[in-house]
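Engineer: Input file: work00.pdb. Contents: PDB, C-alpha atoms and all ligand atoms.
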ATOM      1  CA  MET A 433     -50.428  12.816 -47.922  1.00  0.00           C
ATOM      2  CA  SER A 434     -47.152  14.543 -48.658  1.00  0.00           C
ATOM      3  CA  ARG A 435     -43.939  13.969 -46.782  1.00  0.00           C
ATOM      4  CA  GLU A 436     -44.148  17.411 -45.191  1.00  0.00           C
ATOM      5  CA  GLU A 437     -47.604  16.819 -43.671  1.00  0.00           C
ATOM      6  CA  GLU A 438     -46.435  13.549 -42.180  1.00  0.00           C
ATOM      7  CA  TYR A 439     -43.850  15.192 -39.947  1.00  0.00           C
ATOM      8  CA  GLU A 440     -44.669  15.652 -36.278  1.00  0.00           C
ATOM      9  CA  GLY A 441     -43.182  19.091 -35.774  1.00  0.00           C
ATOM     10  CA  TYR A 442     -39.700  20.491 -35.857  1.00  0.00           C
ATOM     11  CA  HIS A 443     -36.620  20.277 -33.666  1.00  0.00           C
ATOM     12  CA  GLU A 444     -36.275  23.433 -31.619  1.00  0.00           C
ATOM     13  CA  GLY A 445     -32.557  23.859 -32.121  1.00  0.00           C
ATOM     14  CA  SER A 446     -31.927  22.902 -35.724  1.00  0.00           C
ATOM     15  CA  GLY A 447     -35.396  23.559 -37.130  1.00  0.00           C
ATOM     16  CA  ARG A 448     -35.283  20.177 -38.832  1.00  0.00           C
ATOM     17  CA  PRO A 449     -38.460  18.080 -38.986  1.00  0.00           C
ATOM     18  CA  VAL A 450     -38.879  15.410 -36.287  1.00  0.00           C
ATOM     19  CA  ILE A 451     -38.762  11.895 -37.721  1.00  0.00           C
ATOM     20  CA  PRO A 452     -42.261  10.410 -37.296  1.00  0.00           C
ATOM     21  CA  TRP A 453     -42.973   7.632 -34.818  1.00  0.00           C
ATOM     22  CA  ARG A 454     -44.204   5.452 -37.681  1.00  0.00           C
ATOM     23  CA  ILE A 455     -40.713   5.478 -39.240  1.00  0.00           C
ATOM     24  CA  LYS A 456     -39.078   4.622 -35.923  1.00  0.00           C
ATOM     25  CA  ASN A 457     -41.512   1.775 -35.393  1.00  0.00           C
ATOM     26  CA  GLN A 458     -40.779   0.476 -38.886  1.00  0.00           C
ATOM     27  CA  LEU A 459     -37.033   0.451 -38.106  1.00  0.00           C
ATOM     28  CA  PHE A 460     -37.704  -1.161 -34.718  1.00  0.00           C
ATOM     29  CA  MET A 461     -39.635  -3.977 -36.394  1.00  0.00           C
ATOM     30  CA  SER A 462     -37.042  -4.596 -39.086  1.00  0.00           C
ATOM     31  CA  GLN A 463     -34.224  -4.702 -36.489  1.00  0.00           C
ATOM     32  CA  LYS A 464     -36.325  -6.896 -34.149  1.00  0.00           C
ATOM     33  CA  GLY A 465     -35.786  -4.427 -31.315  1.00  0.00           C
ATOM     34  CA  LYS A 466     -32.008  -4.752 -31.371  1.00  0.00           C
ATOM     35  CA  CYS A 467     -29.241  -2.186 -31.616  1.00  0.00           C
ATOM     36  CA  PHE A 468     -27.801  -2.460 -35.108  1.00  0.00           C
ATOM     37  CA  TYR A 469     -24.183  -2.553 -33.914  1.00  0.00           C
ATOM     38  CA  CYS A 470     -24.043  -4.391 -30.579  1.00  0.00           C
ATOM     39  CA  GLY A 471     -27.193  -6.481 -31.058  1.00  0.00           C
ATOM     40  CA  TYR A 472     -28.557  -6.004 -27.555  1.00  0.00           C
ATOM     41  CA  THR A 473     -32.346  -5.948 -27.298  1.00  0.00           C
ATOM     42  CA  ARG A 474     -33.654  -2.626 -26.035  1.00  0.00           C
ATOM     43  CA  ARG A 475     -37.038  -1.089 -25.578  1.00  0.00           C
ATOM     44  CA  MET A 476     -37.919   1.351 -28.299  1.00  0.00           C
ATOM     45  CA  ARG A 477     -37.497   4.413 -26.121  1.00  0.00           C
ATOM     46  CA  TYR A 478     -33.902   3.362 -25.395  1.00  0.00           C
ATOM     47  CA  LEU A 479     -32.970   3.071 -29.036  1.00  0.00           C
ATOM     48  CA  GLU A 480     -31.930   6.245 -30.822  1.00  0.00           C
ATOM     49  CA  ILE A 481     -32.483   7.102 -34.454  1.00  0.00           C
ATOM     50  CA  ASP A 482     -29.090   7.394 -36.096  1.00  0.00           C
ATOM     51  CA  HIS A 483     -28.287   8.727 -39.541  1.00  0.00           C
ATOM     52  CA  LYS A 484     -25.945   6.259 -41.233  1.00  0.00           C
ATOM     53  CA  TYR A 485     -24.393   9.169 -43.045  1.00  0.00           C
ATOM     54  CA  PRO A 486     -24.444  12.006 -40.473  1.00  0.00           C
ATOM     55  CA  VAL A 487     -26.697  15.018 -40.968  1.00  0.00           C
ATOM     56  CA  SER A 488     -23.754  17.261 -40.104  1.00  0.00           C
ATOM     57  CA  ARG A 489     -21.985  15.912 -43.183  1.00  0.00           C
ATOM     58  CA  GLY A 490     -24.944  16.201 -45.529  1.00  0.00           C
ATOM     59  CA  GLY A 491     -26.945  13.047 -44.755  1.00  0.00           C
ATOM     60  CA  GLY A 492     -30.731  13.097 -45.240  1.00  0.00           C
ATOM     61  CA  ASP A 493     -33.792  11.795 -43.387  1.00  0.00           C
ATOM     62  CA  GLU A 494     -34.562   9.021 -45.896  1.00  0.00           C
ATOM     63  CA  ILE A 495     -35.378   5.731 -44.199  1.00  0.00           C
ATOM     64  CA  GLU A 496     -32.473   4.071 -46.043  1.00  0.00           C
ATOM     65  CA  ASN A 497     -30.173   6.458 -44.166  1.00  0.00           C
ATOM     66  CA  LEU A 498     -31.671   5.634 -40.751  1.00  0.00           C
ATOM     67  CA  GLN A 499     -30.976   2.934 -38.171  1.00  0.00           C
ATOM     68  CA  LEU A 500     -31.662   2.443 -34.462  1.00  0.00           C
ATOM     69  CA  LEU A 501     -28.712   2.342 -32.070  1.00  0.00           C
ATOM     70  CA  CYS A 502     -28.343   2.121 -28.309  1.00  0.00           C
ATOM     71  CA  THR A 503     -26.857   5.211 -26.624  1.00  0.00           C
ATOM     72  CA  PRO A 504     -23.288   3.857 -26.157  1.00  0.00           C
ATOM     73  CA  CYS A 505     -23.090   2.718 -29.784  1.00  0.00           C
ATOM     74  CA  ASN A 506     -24.489   6.017 -31.043  1.00  0.00           C
ATOM     75  CA  MET A 507     -21.986   7.977 -28.967  1.00  0.00           C
ATOM     76  CA  ARG A 508     -19.176   5.752 -30.166  1.00  0.00           C
ATOM     77  CA  LYS A 509     -20.196   6.347 -33.751  1.00  0.00           C
ATOM     78  CA  GLY A 510     -20.218  10.128 -33.359  1.00  0.00           C
ATOM     79  CA  ILE A 511     -19.575  11.880 -36.656  1.00  0.00           C
ATOM     80  CA  GLN A 512     -18.371   8.700 -38.340  1.00  0.00           C
ATOM     81  CA  SER A 513     -20.482   7.365 -41.168  1.00  0.00           C
ATOM     82  CA  ASP A 514     -21.840   3.831 -41.035  1.00  0.00           C
ATOM     83  CA  GLU A 515     -19.186   2.771 -43.530  1.00  0.00           C
ATOM     84  CA  GLU A 516     -16.367   4.310 -41.479  1.00  0.00           C
ATOM     85  CA  PHE A 517     -17.715   2.721 -38.297  1.00  0.00           C
ATOM     86  CA  ARG A 518     -17.903  -0.703 -39.929  1.00  0.00           C
ATOM     87  CA  THR A 519     -14.407  -0.339 -41.342  1.00  0.00           C
ATOM     88  CA  ARG A 520     -13.080   0.549 -37.920  1.00  0.00           C
ATOM     89  CA  TYR A 521     -14.881  -2.233 -36.008  1.00  0.00           C
ATOM     90  CA  TRP A 522     -14.766  -4.890 -38.716  1.00  0.00           C
ATOM     91  CA  ARG A 523     -13.254  -7.446 -36.329  1.00  0.00           C
ATOM     92  CA  LEU A 524     -16.452  -7.362 -34.197  1.00  0.00           C
ATOM     93  CA  LEU A 525     -19.278  -6.690 -36.636  1.00  0.00           C
ATOM     94  CA  PRO A 526     -20.708  -9.247 -39.056  1.00  0.00           C
ATOM     95  CA  PRO A 527     -19.267  -8.783 -42.561  1.00  0.00           C
ATOM     96  CA  ASN A 528     -22.657  -8.658 -44.288  1.00  0.00           C
ATOM     97  CA  GLY A 529     -23.684  -5.475 -42.450  1.00  0.00           C
ATOM     98  CA  SER A 530     -26.584  -6.905 -40.473  1.00  0.00           C
ATOM     99  CA  VAL A 531     -27.542  -7.097 -36.792  1.00  0.00           C
ATOM    100  CA  PRO A 532     -24.980  -9.331 -35.012  1.00  0.00           C
ATOM    101  CA  PRO A 533     -26.338 -12.855 -34.339  1.00  0.00           C
ATOM    102  CA  SER A 534     -25.258 -12.681 -30.676  1.00  0.00           C
ATOM    103  CA  PRO A 535     -24.874  -9.488 -28.626  1.00  0.00           C
ATOM    104  CA  ILE A 536     -21.435  -7.860 -28.489  1.00  0.00           C
ATOM    105  CA  PRO A 537     -20.589  -6.400 -25.044  1.00  0.00           C
ATOM    106  CA  GLN A 538     -19.502  -2.764 -24.898  1.00  0.00           C
ATOM    107  CA  PRO A 539     -16.047  -3.551 -23.365  1.00  0.00           C
ATOM    108  CA  LEU A 540     -15.125  -5.323 -26.610  1.00  0.00           C
ATOM    109  CA  PHE A 541     -16.029  -2.178 -28.521  1.00  0.00           C
ATOM    110  CA  ARG A 542     -14.041  -0.117 -26.050  1.00  0.00           C
ATOM    111  CA  ASP A 543     -10.922  -2.261 -26.543  1.00  0.00           C
ATOM    112  CA  GLU A 544     -11.333  -1.974 -30.281  1.00  0.00           C
ATOM    113  CA  THR A 545     -11.668   1.813 -29.990  1.00  0.00           C
ATOM    114  CA  GLN A 546      -8.328   1.900 -28.178  1.00  0.00           C
ATOM    115  CA  GLN A 547      -6.636  -0.321 -30.738  1.00  0.00           C
ATOM    116  CA  THR A 548      -7.968   1.220 -33.936  1.00  0.00           C
ATOM    117  CA  ARG A 549      -7.849   4.823 -35.022  1.00  0.00           C
ATOM    118  CA  ALA A 550     -10.592   6.822 -36.676  1.00  0.00           C
ATOM    119  CA  SER A 551     -10.050   7.362 -40.385  1.00  0.00           C
ATOM    120  CA  ALA A 552      -7.925  10.312 -41.464  1.00  0.00           C
ATOM    121  CA  LYS A 553     -11.092  11.898 -42.845  1.00  0.00           C
ATOM    122  CA  VAL A 554     -12.915  11.768 -39.502  1.00  0.00           C
ATOM    123  CA  ARG A 555      -9.863  13.046 -37.627  1.00  0.00           C
ATOM    124  CA  ALA A 556      -9.642  15.933 -40.105  1.00  0.00           C
ATOM    125  CA  ILE A 557     -13.299  16.821 -39.413  1.00  0.00           C
ATOM    126  CA  TYR A 558     -12.685  16.887 -35.658  1.00  0.00           C
ATOM    127  CA  ARG A 559      -9.563  18.993 -36.185  1.00  0.00           C
ATOM    128  CA  ASP A 560     -11.402  21.462 -38.426  1.00  0.00           C
ATOM    129  CA  ARG A 561     -14.196  21.796 -35.889  1.00  0.00           C
ATOM    130  CA  PHE A 562     -11.741  22.451 -33.077  1.00  0.00           C
ATOM    131  CA  MET A 563      -9.859  25.008 -35.123  1.00  0.00           C
ATOM    132  CA  SER A 564     -12.997  26.835 -36.264  1.00  0.00           C
ATOM    133  CA  TYR A 565     -14.208  26.843 -32.664  1.00  0.00           C
ATOM    134  CA  ARG A 566     -10.986  28.524 -31.578  1.00  0.00           C
ATOM    135  CA  TRP A 567     -11.354  30.879 -34.511  1.00  0.00           C
ATOM    136  CA  ARG A 568     -14.909  31.852 -33.584  1.00  0.00           C
ATOM    137  CA  ARG A 569     -13.971  32.392 -29.969  1.00  0.00           C
ATOM    138  CA  GLY A 570     -11.127  34.768 -30.668  1.00  0.00           C
ATOM    139  CA  SER A 571     -10.830  36.774 -33.840  1.00  0.00           C
ATOM    140  CA  ASN A 572      -7.449  37.528 -35.362  1.00  0.00           C
ATOM    141  CA  ILE A 573      -7.177  40.936 -33.741  1.00  0.00           C
ATOM    142  CA  VAL A 574      -7.974  39.589 -30.269  1.00  0.00           C
ATOM    143  CA  LEU A 575      -5.304  36.880 -30.633  1.00  0.00           C
ATOM    144  CA  LEU A 576      -2.755  39.485 -31.763  1.00  0.00           C
ATOM    145  CA  ALA A 577      -3.681  41.752 -28.859  1.00  0.00           C
ATOM    146  CA  GLU A 578      -3.252  38.829 -26.445  1.00  0.00           C
ATOM    147  CA  ALA A 579       0.190  38.096 -27.884  1.00  0.00           C
ATOM    148  CA  ALA A 580       1.185  41.765 -27.615  1.00  0.00           C
ATOM    149  CA  LEU A 581      -0.001  41.852 -24.003  1.00  0.00           C
ATOM    150  CA  MET A 582       2.032  38.755 -23.136  1.00  0.00           C
ATOM    151  CA  LEU A 583       5.123  40.293 -24.746  1.00  0.00           C
ATOM    152  CA  ALA A 584       4.576  43.533 -22.826  1.00  0.00           C
ATOM    153  CA  GLN A 585       4.240  41.586 -19.571  1.00  0.00           C
ATOM    154  CA  PHE A 586       7.461  39.708 -20.284  1.00  0.00           C
ATOM    155  CA  LEU A 587       9.376  42.890 -21.119  1.00  0.00           C
ATOM    156  CA  GLY A 588       7.901  44.519 -18.033  1.00  0.00           C
ATOM    157  CA  SER A 589       9.146  41.760 -15.745  1.00  0.00           C
ATOM    158  CA  VAL A 590      12.619  41.903 -17.345  1.00  0.00           C
ATOM    159  CA  ALA A 591      12.687  45.668 -16.829  1.00  0.00           C
ATOM    160  CA  LEU A 592      11.585  45.210 -13.218  1.00  0.00           C
ATOM    161  CA  VAL A 593      14.494  42.820 -12.536  1.00  0.00           C
ATOM    162  CA  VAL A 594      16.966  45.212 -14.167  1.00  0.00           C
ATOM    163  CA  ILE A 595      15.662  48.211 -12.206  1.00  0.00           C
ATOM    164  CA  THR A 596      15.566  46.466  -8.809  1.00  0.00           C
ATOM    165  CA  SER A 597      19.035  45.002  -9.224  1.00  0.00           C
ATOM    166  CA  SER A 598      20.420  48.473  -9.967  1.00  0.00           C
ATOM    167  CA  PHE A 599      18.573  49.996  -7.022  1.00  0.00           C
ATOM    168  CA  ARG A 600      20.950  51.428  -4.429  1.00  0.00           C
ATOM    169  CA  GLY A 601      19.455  49.557  -1.508  1.00  0.00           C
ATOM    170  CA  THR A 602      19.756  46.237  -3.303  1.00  0.00           C
ATOM    171  CA  ARG A 603      23.353  46.969  -4.216  1.00  0.00           C
ATOM    172  CA  PHE A 604      24.013  47.811  -0.599  1.00  0.00           C
ATOM    173  CA  LEU A 605      22.555  44.506   0.543  1.00  0.00           C
ATOM    174  CA  TRP A 606      24.622  42.588  -2.000  1.00  0.00           C
ATOM    175  CA  ARG A 607      27.749  44.311  -0.791  1.00  0.00           C
ATOM    176  CA  ARG A 608      26.936  43.438   2.837  1.00  0.00           C
ATOM    177  CA  LEU A 609      26.405  39.808   1.894  1.00  0.00           C
ATOM    178  CA  ARG A 610      29.693  39.657   0.034  1.00  0.00           C
ATOM    179  CA  GLN A 611      31.486  41.241   2.981  1.00  0.00           C
ATOM    180  CA  ARG A 612      29.970  38.748   5.369  1.00  0.00           C
ATOM    181  CA  GLU A 613      31.122  35.883   3.164  1.00  0.00           C
ATOM    182  CA  ARG A 614      34.633  37.259   3.101  1.00  0.00           C
ATOM    183  CA  LEU A 615      34.663  37.686   6.891  1.00  0.00           C
ATOM    184  CA  GLY A 616      33.109  34.277   7.569  1.00  0.00           C
TER
HETATM  185 ZN    ZN A 701     -25.471  -0.848 -29.303  1.00  0.00          ZN
END
Is it possible to express this structure as structure tokens?
Ligand SMILES: [Zn+2]

Structural biologist:
Amino acid sequence: MSREEEYEGYHEGSGRPVIPWRIKNQLFMSQKGKCFYCGYTRRMRYLEIDHKYPVSRGGGDEIENLQLLCTPCNMRKGIQSDEEFRTRYWRLLPPNGSVPPSPIPQPLFRDETQQTRASAKVRAIYRDRFMSYRWRRGSNIVLLAEAALMLAQFLGSVALVVITSSFRGTRFLWRRLRQRERLG
């Protein structure tokens, strides 16, 4: 049976093959039902298949690239690779890269997130994504048009102030005010 036939359908969004249950079960057994990072025991349905090296960065579906994580750990990992995650949380995780012997509570991870920064590489990826998102949303011409419109609005408001202050009625009112001050 070839690898292709083994797959149980395709993801609707990405069109990528769904990782078979057999593979997930194999991972579940080898991890003894624990999240690979925090070490808490979870039922299989509450453990998510994570790509050690993210798919978005070119990682594959090979079983060596897969691990099961709980939702908070998977969210915390994000686009970081397993290596980057371990480098960042090295003070919590066992140095040999295995399931922690005793569970690590999420607040400890949270504190570590606040104290350590993502690698420059990961930050650059986030920055690029944000920039390309902005770029997709508004093309060059639209951005230029927006800038021109803002400039026109600014000039318009300046012109409005100049015109109203030179308006006869306004000048009259100013004169009255000045007179009143002098009299008072
Ligand atoms: Zn976890």

Engineer: Which residues sit within 10 Å of ligand ZN 701 (chain A), counting all atoms listed in the file, listed as a PyMOL selection string?

Structural biologist: chain A and resi 466-474+479-480+500-509+531+535-538+541

Engineer: Care to translate the PyMOL selection byres (((chain A and resi 452) around 9) and not hetatm) into actual residues of this file, as a VMD selection string?

Structural biologist: chain A and resid 438 to 441 449 to 451 453 to 457

Engineer: To one decimal place, how far is CA of Ala550 in chain A from CA of Tyr478 in chain A in Å?

Structural biologist: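 One can read the CA of Ala550 in chain A to CA of Tyr478 in chain A distance as 26.1 Å.
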
Engineer: Please tabulate, as JSON lines, the residues of range 455-496 of chain A that come within 9 Å of range 512-523 of chain A, each with its closest pair of atoms and the distance in Å to one decimal, counting all atoms listed in the file and ordering rows by chain, then residue number upward.

Structural biologist:
{"residue": "A:Tyr469", "atom": "CA", "partner": "A:Arg518", "partner_atom": "CA", "distance": 8.9}
{"residue": "A:His483", "atom": "CA", "partner": "A:Ser513", "partner_atom": "CA", "distance": 8.1}
{"residue": "A:Lys484", "atom": "CA", "partner": "A:Asp514", "partner_atom": "CA", "distance": 4.8}
{"residue": "A:Tyr485", "atom": "CA", "partner": "A:Ser513", "partner_atom": "CA", "distance": 4.7}
{"residue": "A:Pro486", "atom": "CA", "partner": "A:Ser513", "partner_atom": "CA", "distance": 6.1}
{"residue": "A:Arg489", "atom": "CA", "partner": "A:Ser513", "partner_atom": "CA", "distance": 8.9}

Engineer: Quick one: write out the picked residues with C-alpha atoms as a short mmCIF file (atom, residue, chain, number, x, y, z; two decimals), keeping the file's coordinate frame?

Structural biologist:
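Below is the file that was written, out19.cif:
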data_model
loop_
_atom_site.label_atom_id
_atom_site.label_comp_id
_atom_site.auth_asym_id
_atom_site.auth_seq_id
_atom_site.Cartn_x
_atom_site.Cartn_y
_atom_site.Cartn_z
CA TYR A 469 -24.18 -2.55 -33.91
CA HIS A 483 -28.29 8.73 -39.54
CA LYS A 484 -25.94 6.26 -41.23
CA TYR A 485 -24.39 9.17 -43.04
CA PRO A 486 -24.44 12.01 -40.47
CA ARG A 489 -21.98 15.91 -43.18
#

Engineer: Provide the CA of Asn528 in chain A to CA of Leu459 in chain A distance in Å, to one decimal place.

Structural biologist: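 Separation of CA of Asn528 in chain A and CA of Leu459 in chain A: 18.1 Å.
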
Engineer: Using Å and a single decimal, report how far CA of Gly447 in chain A sits from CA of Glu494 in chain A.

Structural biologist: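 So the answer is 17.0 Å.
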
Engineer: Counting only C-alpha atoms, which of A:Arg475, A:Arg549, A:Gln499, A:His443 gets nearest to Gln458 in chain A?

Structural biologist: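 Of all the options, A:Gln499 lies closest to Gln458 in chain A.
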
Engineer: Could you check the closest approach to Ile511 in chain A for each of A:Ile573, A:Ala579, A:Val487, A:Met461 and tell me which residue wins, using only C-alpha atoms?

Structural biologist: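 With only C-alpha atoms as the atom set, the closest residue is A:Val487.
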